[in-house]
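These notes concern the structure reproduced below.
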Amino acid sequence: MADFLPLLPRAAGEAIAFRDGLPLSVAAFRREASSLAARLPAQGHAVDLCADRSHSLVAFAAAVLRGHPVLLGGGRAGAAQFLPTAARFPDAYVLADAPVAGCPLPVIRLDGAPPAGEAPPWPDIPAGRTAAIAFTSGSTGAPSAHPKPWDALVAAAQAAATRFGLREGDGPPAAVAATVPAQHMYGFETTIMLPLQAQVAVEAKETFFPGDVLAALERLPGRRILVSTPLHLRALLSGDAPARPPAAVVSATAPLGRELAAAVEERWAAPVLEIYGASEAGSVASRRTVEEEAWLPYPGIAMEEAAALVPGLGRVPLGDALQLLPDGRFRLLGRIADIVKLGGKRASLGELNRALADVEGVQDGVFVVPDDLERNPAARLSAVVVAPGRSAEDILLGLRRRLDPAFLPRRLRLVEALPRDALGKLPRRALLALEGK
Amino acid sequence: MNAMAKPLPTGSEDTLAIEEELKRLIIEALSLETTPEEIDAEAPLFGDGLGLDSIDALEISLVVSKAYGVQLRSDDAQNHRIFASLRSLAAHVAAQRLR
């Protein structure tokens with residue numbers, strides 16, 4: 001790849017975002033990003049806590065122009081947990097479009113005043129420069145950081161654009177509404193990198209609840225794509241059908257059941273495409289869930305039995321075991337060892353159990369993963385705990401200080417002893433019986 | 001005990017009924033290990049208090065939409081107040097339902 005790659009190789013008049021149904025042109029976007037870049041400190045690491053996705057796009061472009069990596073901490077919902085991690089990066093600061101209560105870092109507000117005149121020309125970005133840093137685990141202690149060089153992000157965006165027909169000349173430009181935050185790897189790739197690198201404009205307003213999504217789908221023009229998750233799709237299906245269904249649906253973060261995919265395809269008459277990826281590797285493959293079990297790697301990506309070879313990143317280990325098929329596709333065989341995934345976040349059961357053991361008063365305890373965790377988007381963990389004299393609330397309070405809320409046990413059963421066998425192991429059947437299933 | 005009941009703000013009878021019903025519906029939808037009596041209607045729904053997160057917020061939006069036909073929206077400027085507690089959520093539902 002080249003030594004330098006453009007940040008925004010798009011024509012001035014094209015739309016890069018929609019604000020209240022009105023297009024934000026590439027030219028106007030350049031002015032906003034240049035104006036913000038001029039207000040940023042000389043060096044630093046940026047945390048984007050904007051609610052408006054077009055602001056997140058401006059924030060990212062401005063940070064890249066100044067050579068500041070953006071820390072992908074999940075956005076506003078998990079800000080309280082993430083900001084202490086962010087504070088460990090030199091000169092970290094927050095970019096926000098609303099006040100941030102109790103923020104331990106300096107906050108730079110996007111002021112919203114439309115800058116006049118022409119934006120100065122943008123230099124191309126050094127290929128090897130870290131433009132974003134993704135984080136994994138977050139179950140306990142410090143999440144691990146995964147730096148993303150600019151060429152890796154560009155290559156991934158181009159591969160996705162090729163796969164989904166979003167390049168110039170592939171058809172009408174796409175308008176994307178997303179139920180996932182721009183500050184999580186999947187949302188970042190689809191709603192920040194794609195608008196910068198492909199023929200994509202993104203809905204600015206938050207679209208989290210079904211009502212938000214229906215309104216956005218009605219407001220957006222043209223070829224509308226919904227970027228979502230099994231959890232949101234299930235919620236959307238249980239409510240009113242959209243007056244204007246999207247032209248295509250993309251799902252990731254958790255396995256999408258074939259039944260759910262089929263129901264969405266039938267009700268909305270739109271293909272449902274599922275992406276396979278991880279924060280470390282980014283998106284690496286896709287499939288049309290109703291038609292095929294096997295995954296087709298993105299162009300430029302090669303798969304190994306438990307790793308992906310990714311342009312710009314090299315060999316990236318995955319949390320899943322893969323079966324490679326002769327035609328270049330692959331099948332997922334299951335999660336490796338003790339990784340659980342919830343709400344788009346991963347944790348190791350070992351770490352979760354250690355966190356439980358660390359809670360004051362806990363003598364023994366174990367997290368229990370429900371059988372349907374991989375199928376049921378709303379499934380949650382539970383825990384069985386031995387803690388004489390303590391209440392379930394005491395234990396939960398202790399866990400809340402140590403864990404991401406997604407991993408908190410939804411049922412916490414206090415028992416006198418765990419059904420450990422002679423080797424000290426816990427037979428799963430005995431646990432489930434104790435847990436009251 | 002004061003024999004005179006305090007005057008209730010407009011619509012609060014409705015709010016109280018919805019509050020009780022919401023407790024039941026939310027416990028059921030989220031399989032919470034608690035009883036309606038144990039839920040403090042003024043405690044925060046998220047963070048401390050009930051300790052819910054954004055996955056739960058989505059479930060609650062489904063409950064509210066199914067039971068009352070009220071659509072929760074992210075761009076509602078009052079959202080931090082609506083989700084502040086079960087009581088404020090009930091008040092929002094009561095107000096929206098009257099429209």
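Please note that chains go A, B, ... in the order of the structure tokens, that every chain numbers its residues from 1, and that ligands are numbered from 1 in the order shown.
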Residues of chain B near chain A: apply a cut-off of 6 Å, count only C-alpha atoms, and supply the list as a PDB file with C-alpha atoms, in the first residue's frame.
ATOM      1  CA  GLU B  33     -34.792 -11.385  41.151  1.00  0.00           C
ATOM      2  CA  GLN B  71     -42.508   4.899  21.822  1.00  0.00           C
ATOM      3  CA  ARG B  73     -36.987   8.048  21.716  1.00  0.00           C
ATOM      4  CA  SER B  74     -33.253   8.713  22.048  1.00  0.00           C
TER       5      SER B  74
END
Pull the closest atom pair for each residue of range 175-241 of chain A that gets at most 12 Å from range 147-150 of chain A, along with the distance in Å to one decimal, counting only C-alpha atoms, ordering rows by chain and then ascending residue number, as CSV.
residue,atom,partner,partner_atom,distance
A:Met185,CA,A:Lys148,CA,10.3
A:Phe188,CA,A:Lys148,CA,11.7
A:Glu189,CA,A:Lys148,CA,11.3
A:Met193,CA,A:Trp150,CA,10.3
A:Gln197,CA,A:Trp150,CA,11.9
Residue list (strand (DSSP E), DSSP) for range 308-349 of chain A, as number ranges by chain: A: 308-310, 314-317, 320-324, 330-335, 339-342, 345-348
Expected file contents, prior selection, N, CA and C atoms, as a PDB file, in the first residue's frame:
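For reference, result.pdb as written:
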ATOM      1  N   ALA A 308      -7.068 -14.504  11.827  1.00  0.00           N
ATOM      2  CA  ALA A 308      -7.296 -13.862  10.536  1.00  0.00           C
ATOM      3  C   ALA A 308      -6.020 -13.130  10.132  1.00  0.00           C
ATOM      4  N   LEU A 309      -5.696 -13.178   8.830  1.00  0.00           N
ATOM      5  CA  LEU A 309      -4.577 -12.387   8.314  1.00  0.00           C
ATOM      6  C   LEU A 309      -5.168 -11.130   7.696  1.00  0.00           C
ATOM      7  N   VAL A 310      -4.904  -9.987   8.345  1.00  0.00           N
ATOM      8  CA  VAL A 310      -5.591  -8.751   8.008  1.00  0.00           C
ATOM      9  C   VAL A 310      -4.605  -7.731   7.461  1.00  0.00           C
ATOM     10  N   GLY A 314      -1.641  -7.741  10.105  1.00  0.00           N
ATOM     11  CA  GLY A 314      -0.944  -9.022  10.192  1.00  0.00           C
ATOM     12  C   GLY A 314      -1.851 -10.113  10.726  1.00  0.00           C
ATOM     13  N   ARG A 315      -1.236 -11.073  11.440  1.00  0.00           N
ATOM     14  CA  ARG A 315      -1.993 -12.216  11.950  1.00  0.00           C
ATOM     15  C   ARG A 315      -2.658 -11.836  13.265  1.00  0.00           C
ATOM     16  N   VAL A 316      -3.990 -11.925  13.298  1.00  0.00           N
ATOM     17  CA  VAL A 316      -4.734 -11.546  14.493  1.00  0.00           C
ATOM     18  C   VAL A 316      -5.468 -12.776  15.041  1.00  0.00           C
ATOM     19  N   PRO A 317      -5.138 -13.239  16.259  1.00  0.00           N
ATOM     20  CA  PRO A 317      -5.857 -14.384  16.836  1.00  0.00           C
ATOM     21  C   PRO A 317      -7.325 -14.041  17.074  1.00  0.00           C
ATOM     22  N   ASP A 320     -12.698 -17.484  18.274  1.00  0.00           N
ATOM     23  CA  ASP A 320     -13.486 -18.614  17.790  1.00  0.00           C
ATOM     24  C   ASP A 320     -12.592 -19.614  17.077  1.00  0.00           C
ATOM     25  N   ALA A 321     -13.008 -20.879  17.122  1.00  0.00           N
ATOM     26  CA  ALA A 321     -12.350 -21.905  16.310  1.00  0.00           C
ATOM     27  C   ALA A 321     -13.045 -21.958  14.948  1.00  0.00           C
ATOM     28  N   LEU A 322     -12.243 -22.054  13.880  1.00  0.00           N
ATOM     29  CA  LEU A 322     -12.775 -22.007  12.519  1.00  0.00           C
ATOM     30  C   LEU A 322     -12.510 -23.317  11.787  1.00  0.00           C
ATOM     31  N   GLN A 323     -13.442 -23.713  10.935  1.00  0.00           N
ATOM     32  CA  GLN A 323     -13.181 -24.819  10.013  1.00  0.00           C
ATOM     33  C   GLN A 323     -13.066 -24.217   8.620  1.00  0.00           C
ATOM     34  N   LEU A 324     -11.882 -24.361   8.013  1.00  0.00           N
ATOM     35  CA  LEU A 324     -11.670 -23.774   6.694  1.00  0.00           C
ATOM     36  C   LEU A 324     -12.235 -24.698   5.634  1.00  0.00           C
ATOM     37  N   PHE A 330     -15.416 -20.264   5.401  1.00  0.00           N
ATOM     38  CA  PHE A 330     -15.161 -20.977   6.656  1.00  0.00           C
ATOM     39  C   PHE A 330     -16.435 -21.100   7.468  1.00  0.00           C
ATOM     40  N   ARG A 331     -16.398 -22.054   8.385  1.00  0.00           N
ATOM     41  CA  ARG A 331     -17.498 -22.272   9.317  1.00  0.00           C
ATOM     42  C   ARG A 331     -17.018 -21.937  10.714  1.00  0.00           C
ATOM     43  N   LEU A 332     -17.891 -21.403  11.543  1.00  0.00           N
ATOM     44  CA  LEU A 332     -17.530 -21.158  12.939  1.00  0.00           C
ATOM     45  C   LEU A 332     -17.845 -22.399  13.755  1.00  0.00           C
ATOM     46  N   LEU A 333     -16.859 -22.883  14.503  1.00  0.00           N
ATOM     47  CA  LEU A 333     -17.058 -24.104  15.286  1.00  0.00           C
ATOM     48  C   LEU A 333     -17.445 -23.812  16.725  1.00  0.00           C
ATOM     49  N   GLY A 334     -17.217 -22.599  17.162  1.00  0.00           N
ATOM     50  CA  GLY A 334     -17.588 -22.282  18.542  1.00  0.00           C
ATOM     51  C   GLY A 334     -16.539 -21.424  19.209  1.00  0.00           C
ATOM     52  N   ARG A 335     -16.883 -20.898  20.350  1.00  0.00           N
ATOM     53  CA  ARG A 335     -15.963 -20.022  21.063  1.00  0.00           C
ATOM     54  C   ARG A 335     -14.833 -20.821  21.683  1.00  0.00           C
ATOM     55  N   ILE A 339     -14.518 -17.731  26.763  1.00  0.00           N
ATOM     56  CA  ILE A 339     -14.926 -16.376  26.391  1.00  0.00           C
ATOM     57  C   ILE A 339     -16.457 -16.272  26.344  1.00  0.00           C
ATOM     58  N   VAL A 340     -17.014 -15.278  27.017  1.00  0.00           N
ATOM     59  CA  VAL A 340     -18.440 -14.997  26.855  1.00  0.00           C
ATOM     60  C   VAL A 340     -18.585 -13.625  26.218  1.00  0.00           C
ATOM     61  N   LYS A 341     -19.632 -13.474  25.400  1.00  0.00           N
ATOM     62  CA  LYS A 341     -19.841 -12.218  24.716  1.00  0.00           C
ATOM     63  C   LYS A 341     -21.250 -11.726  25.023  1.00  0.00           C
ATOM     64  N   LEU A 342     -21.341 -10.482  25.450  1.00  0.00           N
ATOM     65  CA  LEU A 342     -22.632  -9.899  25.823  1.00  0.00           C
ATOM     66  C   LEU A 342     -22.647  -8.429  25.446  1.00  0.00           C
ATOM     67  N   LYS A 345     -19.643  -6.939  24.000  1.00  0.00           N
ATOM     68  CA  LYS A 345     -18.405  -6.931  24.781  1.00  0.00           C
ATOM     69  C   LYS A 345     -18.023  -8.362  25.143  1.00  0.00           C
ATOM     70  N   ARG A 346     -16.726  -8.580  25.305  1.00  0.00           N
ATOM     71  CA  ARG A 346     -16.285  -9.916  25.638  1.00  0.00           C
ATOM     72  C   ARG A 346     -15.631  -9.943  27.001  1.00  0.00           C
ATOM     73  N   ALA A 347     -15.744 -11.068  27.666  1.00  0.00           N
ATOM     74  CA  ALA A 347     -15.041 -11.243  28.931  1.00  0.00           C
ATOM     75  C   ALA A 347     -14.656 -12.695  29.045  1.00  0.00           C
ATOM     76  N   SER A 348     -13.626 -12.970  29.823  1.00  0.00           N
ATOM     77  CA  SER A 348     -13.296 -14.358  30.073  1.00  0.00           C
ATOM     78  C   SER A 348     -13.976 -14.760  31.369  1.00  0.00           C
TER      79      SER A 348
END
Picked from range 113-305 of chain A by DSSP as alpha helix (DSSP H), as a VMD selection string: chain A and resid 150 to 164 185 to 188 194 to 197 210 to 219 230 to 237 258 to 268
Residue neighbourhood Phe367 in chain A, 10 Å, only C-alpha atoms, exclusion window fewer than 3 positions, as number ranges by chain: A: 349-350, 352-354, 356, 370, 381-385, 407-409, 411-412, 431
Generate the output file for the selected residues, N, CA, C and O atoms, as a PDB file, in the first residue's frame.
ATOM      1  N   LEU A 349     -14.543 -15.958  31.378  1.00  0.00           N
ATOM      2  CA  LEU A 349     -15.223 -16.446  32.580  1.00  0.00           C
ATOM      3  C   LEU A 349     -14.258 -16.503  33.756  1.00  0.00           C
ATOM      4  O   LEU A 349     -14.637 -16.234  34.887  1.00  0.00           O
ATOM      5  N   GLY A 350     -13.006 -16.853  33.454  1.00  0.00           N
ATOM      6  CA  GLY A 350     -11.997 -16.907  34.504  1.00  0.00           C
ATOM      7  C   GLY A 350     -11.873 -15.561  35.201  1.00  0.00           C
ATOM      8  O   GLY A 350     -11.860 -15.465  36.429  1.00  0.00           O
ATOM      9  N   LEU A 352     -14.122 -13.154  35.222  1.00  0.00           N
ATOM     10  CA  LEU A 352     -15.361 -12.832  35.927  1.00  0.00           C
ATOM     11  C   LEU A 352     -15.393 -13.542  37.279  1.00  0.00           C
ATOM     12  O   LEU A 352     -15.760 -12.949  38.295  1.00  0.00           O
ATOM     13  N   ASN A 353     -14.984 -14.817  37.282  1.00  0.00           N
ATOM     14  CA  ASN A 353     -14.992 -15.568  38.538  1.00  0.00           C
ATOM     15  C   ASN A 353     -13.977 -15.002  39.534  1.00  0.00           C
ATOM     16  O   ASN A 353     -14.228 -14.983  40.735  1.00  0.00           O
ATOM     17  N   ARG A 354     -12.837 -14.535  39.012  1.00  0.00           N
ATOM     18  CA  ARG A 354     -11.852 -13.919  39.908  1.00  0.00           C
ATOM     19  C   ARG A 354     -12.427 -12.649  40.523  1.00  0.00           C
ATOM     20  O   ARG A 354     -12.244 -12.373  41.708  1.00  0.00           O
ATOM     21  N   LEU A 356     -15.515 -12.041  41.103  1.00  0.00           N
ATOM     22  CA  LEU A 356     -16.495 -12.461  42.106  1.00  0.00           C
ATOM     23  C   LEU A 356     -15.787 -12.869  43.397  1.00  0.00           C
ATOM     24  O   LEU A 356     -16.201 -12.499  44.498  1.00  0.00           O
ATOM     25  N   PRO A 370     -25.886 -19.181  30.573  1.00  0.00           N
ATOM     26  CA  PRO A 370     -27.076 -19.914  30.141  1.00  0.00           C
ATOM     27  C   PRO A 370     -26.822 -20.650  28.821  1.00  0.00           C
ATOM     28  O   PRO A 370     -26.016 -20.209  28.009  1.00  0.00           O
ATOM     29  N   LEU A 381     -25.978 -13.543  32.150  1.00  0.00           N
ATOM     30  CA  LEU A 381     -25.280 -14.446  33.042  1.00  0.00           C
ATOM     31  C   LEU A 381     -26.004 -14.522  34.378  1.00  0.00           C
ATOM     32  O   LEU A 381     -26.753 -13.623  34.743  1.00  0.00           O
ATOM     33  N   SER A 382     -25.768 -15.599  35.113  1.00  0.00           N
ATOM     34  CA  SER A 382     -26.208 -15.659  36.495  1.00  0.00           C
ATOM     35  C   SER A 382     -25.015 -16.104  37.330  1.00  0.00           C
ATOM     36  O   SER A 382     -23.959 -16.421  36.789  1.00  0.00           O
ATOM     37  N   ALA A 383     -25.203 -16.131  38.637  1.00  0.00           N
ATOM     38  CA  ALA A 383     -24.090 -16.529  39.502  1.00  0.00           C
ATOM     39  C   ALA A 383     -24.624 -17.286  40.703  1.00  0.00           C
ATOM     40  O   ALA A 383     -25.740 -17.031  41.158  1.00  0.00           O
ATOM     41  N   VAL A 384     -23.825 -18.228  41.161  1.00  0.00           N
ATOM     42  CA  VAL A 384     -24.132 -18.953  42.392  1.00  0.00           C
ATOM     43  C   VAL A 384     -22.988 -18.655  43.359  1.00  0.00           C
ATOM     44  O   VAL A 384     -21.817 -18.814  43.002  1.00  0.00           O
ATOM     45  N   VAL A 385     -23.351 -18.192  44.563  1.00  0.00           N
ATOM     46  CA  VAL A 385     -22.333 -17.623  45.448  1.00  0.00           C
ATOM     47  C   VAL A 385     -22.482 -18.155  46.871  1.00  0.00           C
ATOM     48  O   VAL A 385     -23.591 -18.307  47.372  1.00  0.00           O
ATOM     49  N   PHE A 407     -21.980  -7.620  32.210  1.00  0.00           N
ATOM     50  CA  PHE A 407     -21.623  -8.939  32.734  1.00  0.00           C
ATOM     51  C   PHE A 407     -22.144  -9.182  34.156  1.00  0.00           C
ATOM     52  O   PHE A 407     -21.868 -10.214  34.748  1.00  0.00           O
ATOM     53  N   LEU A 408     -22.858  -8.218  34.711  1.00  0.00           N
ATOM     54  CA  LEU A 408     -23.407  -8.429  36.055  1.00  0.00           C
ATOM     55  C   LEU A 408     -24.397  -9.587  36.010  1.00  0.00           C
ATOM     56  O   LEU A 408     -25.181  -9.685  35.077  1.00  0.00           O
ATOM     57  N   PRO A 409     -24.376 -10.478  37.019  1.00  0.00           N
ATOM     58  CA  PRO A 409     -25.319 -11.600  36.997  1.00  0.00           C
ATOM     59  C   PRO A 409     -26.746 -11.098  37.171  1.00  0.00           C
ATOM     60  O   PRO A 409     -27.004 -10.289  38.064  1.00  0.00           O
ATOM     61  N   ARG A 411     -29.344 -13.157  37.738  1.00  0.00           N
ATOM     62  CA  ARG A 411     -29.821 -13.856  38.933  1.00  0.00           C
ATOM     63  C   ARG A 411     -28.596 -14.165  39.754  1.00  0.00           C
ATOM     64  O   ARG A 411     -27.582 -14.616  39.233  1.00  0.00           O
ATOM     65  N   LEU A 412     -28.703 -13.914  41.029  1.00  0.00           N
ATOM     66  CA  LEU A 412     -27.588 -14.228  41.907  1.00  0.00           C
ATOM     67  C   LEU A 412     -28.151 -15.062  43.055  1.00  0.00           C
ATOM     68  O   LEU A 412     -28.938 -14.562  43.863  1.00  0.00           O
ATOM     69  N   LEU A 431     -24.784 -27.374  38.828  1.00  0.00           N
ATOM     70  CA  LEU A 431     -24.865 -25.912  38.949  1.00  0.00           C
ATOM     71  C   LEU A 431     -26.214 -25.396  38.487  1.00  0.00           C
ATOM     72  O   LEU A 431     -26.842 -24.569  39.147  1.00  0.00           O
TER      73      LEU A 431
END
